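Here the structure is laid out as structure tokens; the discussion comes afterwards.
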Amino acid sequence: MIHHIVLFRLADKNGKTAAEWAAEGKIRAESLRQTVPGAETLQVFVNSPDADAGNYHLMLHGTFADMTALHDYAVHEKHLEFVAFIKSVLAENGRACIDYTE
């Protein structure tokens with residue numbers, strides 16, 4: 001089982017706060033569950049408004065049978081649309097990722 005965890009720090013941009021972009025990102029990421037095959041689970045979390053302001057704003061945690069399933073997910077058209085959205089609101093150096101085997 002592969003765990004894929006991605007953290008995003010978003011920017012205040014285009015009239016929206018990072019928290020507002022995170023809320024939109026959560027909705028978009030959750031839609032991937034129904035449209036992109038490969039993820040056995042996909043959880044999406046938004047940082048608490050009461051948490052430290054320096055924290056990341058959005059976290060995705062997906063599980064995949066193996067690295068091939070993760071790769072297939074990563075190159076899927078709908079996932080790439082999500083990536084383009086996130087890149088458009090990402091803060092500088094605003095992405096961290098880890099993939100590990102359990």
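All residue names refer to the structure tokens as shown: chains lettered A, B, ... in order, residues numbered from 1 in each chain, ligands numbered from 1 in order.
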
message: Give me the residues near Val89 (chain A) as a ChimeraX atom specification, where near means some atom within 9 Å (using only C-alpha atoms) and where sequence neighbours in that chain fewer than 5 positions away do not count.
response: /A:9-14,18,21

message: I'd like the neighbourhood of region 29-38 of chain A as a PyMOL selection string, where a residue qualifies if any of its atoms comes within 10 Å (using only C-alpha atoms), though same-chain residues fewer than 5 positions away should be ignored.
response: chain A and resi 23-24+43-45+59-60+62-66+68-79+82-83+86

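Atom pair CA of Asp50 (chain A) / CA of Gly94 (chain A) has a distance of 20.0 Å (rounded to one decimal).
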
- prompt: With only C-alpha atoms as the basis for distance, which of A:His61, A:Lys26, A:Arg95, A:Lys16 is at the shortest distance from His4 (chain A)?
  reply: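 Residue with the minimum atom-to-atom distance to His4 (chain A): A:His61.
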
Those of chain A in DSSP strand (DSSP E), formatted as JSON, numbers by chain: {"A": [2, 3, 4, 5, 6, 7, 8, 9, 10, 39, 40, 41, 42, 43, 44, 45, 46, 58, 59, 60, 61, 62, 63, 64, 90, 91, 92, 93, 94, 95, 96, 97, 98, 99, 100, 101]}

Resulting file, chosen residues, N, CA and C atoms, as a short mmCIF file (atom, residue, chain, number, x, y, z; two decimals), in the first residue's frame:
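Below is the file again.cif, written as the result:
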data_model
loop_
_atom_site.label_atom_id
_atom_site.label_comp_id
_atom_site.auth_asym_id
_atom_site.auth_seq_id
_atom_site.Cartn_x
_atom_site.Cartn_y
_atom_site.Cartn_z
N ILE A 2 0.64 2.15 -0.93
CA ILE A 2 1.36 3.42 -1.03
C ILE A 2 0.50 4.52 -0.43
N HIS A 3 1.07 5.29 0.47
CA HIS A 3 0.42 6.49 0.99
C HIS A 3 1.03 7.68 0.27
N HIS A 4 0.17 8.54 -0.24
CA HIS A 4 0.58 9.75 -0.97
C HIS A 4 0.01 10.93 -0.20
N ILE A 5 0.90 11.71 0.42
CA ILE A 5 0.49 12.86 1.21
C ILE A 5 1.08 14.11 0.58
N VAL A 6 0.20 15.08 0.32
CA VAL A 6 0.63 16.34 -0.28
C VAL A 6 0.09 17.49 0.55
N LEU A 7 0.97 18.44 0.86
CA LEU A 7 0.60 19.65 1.58
C LEU A 7 0.75 20.84 0.66
N PHE A 8 -0.21 21.77 0.74
CA PHE A 8 -0.17 22.97 -0.09
C PHE A 8 -0.29 24.22 0.79
N ARG A 9 0.61 25.16 0.54
CA ARG A 9 0.49 26.49 1.13
C ARG A 9 0.05 27.40 -0.01
N LEU A 10 -1.09 28.05 0.18
CA LEU A 10 -1.70 28.82 -0.88
C LEU A 10 -1.49 30.31 -0.65
N ALA A 39 -7.12 5.59 -6.84
CA ALA A 39 -7.02 5.86 -5.41
C ALA A 39 -7.97 4.93 -4.66
N GLU A 40 -7.42 4.20 -3.71
CA GLU A 40 -8.28 3.36 -2.88
C GLU A 40 -9.00 4.22 -1.84
N THR A 41 -8.30 5.22 -1.33
CA THR A 41 -8.91 6.24 -0.47
C THR A 41 -8.35 7.58 -0.88
N LEU A 42 -9.10 8.62 -0.62
CA LEU A 42 -8.64 9.98 -0.86
C LEU A 42 -9.30 10.88 0.17
N GLN A 43 -8.49 11.40 1.08
CA GLN A 43 -8.99 12.30 2.12
C GLN A 43 -8.39 13.68 1.88
N VAL A 44 -9.20 14.70 2.13
CA VAL A 44 -8.77 16.07 1.90
C VAL A 44 -9.10 16.88 3.15
N PHE A 45 -8.12 17.64 3.64
CA PHE A 45 -8.30 18.40 4.87
C PHE A 45 -7.86 19.84 4.66
N VAL A 46 -8.56 20.76 5.32
CA VAL A 46 -8.22 22.18 5.33
C VAL A 46 -7.71 22.51 6.72
N LEU A 58 -3.82 23.19 2.95
CA LEU A 58 -4.59 22.09 2.40
C LEU A 58 -3.74 20.83 2.39
N MET A 59 -4.36 19.70 2.73
CA MET A 59 -3.64 18.42 2.72
C MET A 59 -4.47 17.37 2.01
N LEU A 60 -3.82 16.60 1.16
CA LEU A 60 -4.44 15.44 0.53
C LEU A 60 -3.71 14.20 1.01
N HIS A 61 -4.47 13.17 1.33
CA HIS A 61 -3.89 11.89 1.72
C HIS A 61 -4.63 10.80 0.94
N GLY A 62 -3.93 10.21 0.00
CA GLY A 62 -4.50 9.13 -0.79
C GLY A 62 -3.74 7.84 -0.56
N THR A 63 -4.43 6.73 -0.69
CA THR A 63 -3.77 5.43 -0.65
C THR A 63 -3.98 4.74 -1.98
N PHE A 64 -2.94 4.03 -2.40
CA PHE A 64 -2.91 3.37 -3.70
C PHE A 64 -2.34 1.98 -3.54
N LEU A 90 -0.93 28.61 -5.72
CA LEU A 90 0.12 28.14 -4.81
C LEU A 90 1.04 29.29 -4.41
N ALA A 91 1.40 29.32 -3.13
CA ALA A 91 2.41 30.26 -2.67
C ALA A 91 3.78 29.77 -3.14
N GLU A 92 4.76 30.65 -3.11
CA GLU A 92 6.11 30.26 -3.50
C GLU A 92 6.60 29.12 -2.59
N ASN A 93 7.16 28.07 -3.18
CA ASN A 93 7.61 26.89 -2.45
C ASN A 93 6.49 26.32 -1.58
N GLY A 94 5.28 26.32 -2.10
CA GLY A 94 4.10 25.97 -1.32
C GLY A 94 3.64 24.54 -1.42
N ARG A 95 4.48 23.64 -1.89
CA ARG A 95 4.07 22.24 -2.00
C ARG A 95 5.10 21.35 -1.32
N ALA A 96 4.59 20.39 -0.54
CA ALA A 96 5.43 19.36 0.05
C ALA A 96 4.72 18.03 -0.16
N CYS A 97 5.49 16.99 -0.44
CA CYS A 97 4.89 15.69 -0.74
C CYS A 97 5.76 14.57 -0.19
N ILE A 98 5.10 13.49 0.21
CA ILE A 98 5.80 12.27 0.59
C ILE A 98 4.96 11.09 0.11
N ASP A 99 5.62 10.09 -0.45
CA ASP A 99 5.00 8.83 -0.84
C ASP A 99 5.73 7.74 -0.06
N TYR A 100 4.99 6.96 0.70
CA TYR A 100 5.65 5.91 1.48
C TYR A 100 4.84 4.63 1.44
N THR A 101 5.55 3.55 1.66
CA THR A 101 4.95 2.23 1.66
C THR A 101 4.66 1.81 3.09
#

- request: Would you mind writing down, as number ranges by chain, each residue of region 15-76 of chain A that DSSP on the backbone assigns to helix (DSSP H, G or I)?
  value: A: 18-35, 67-74
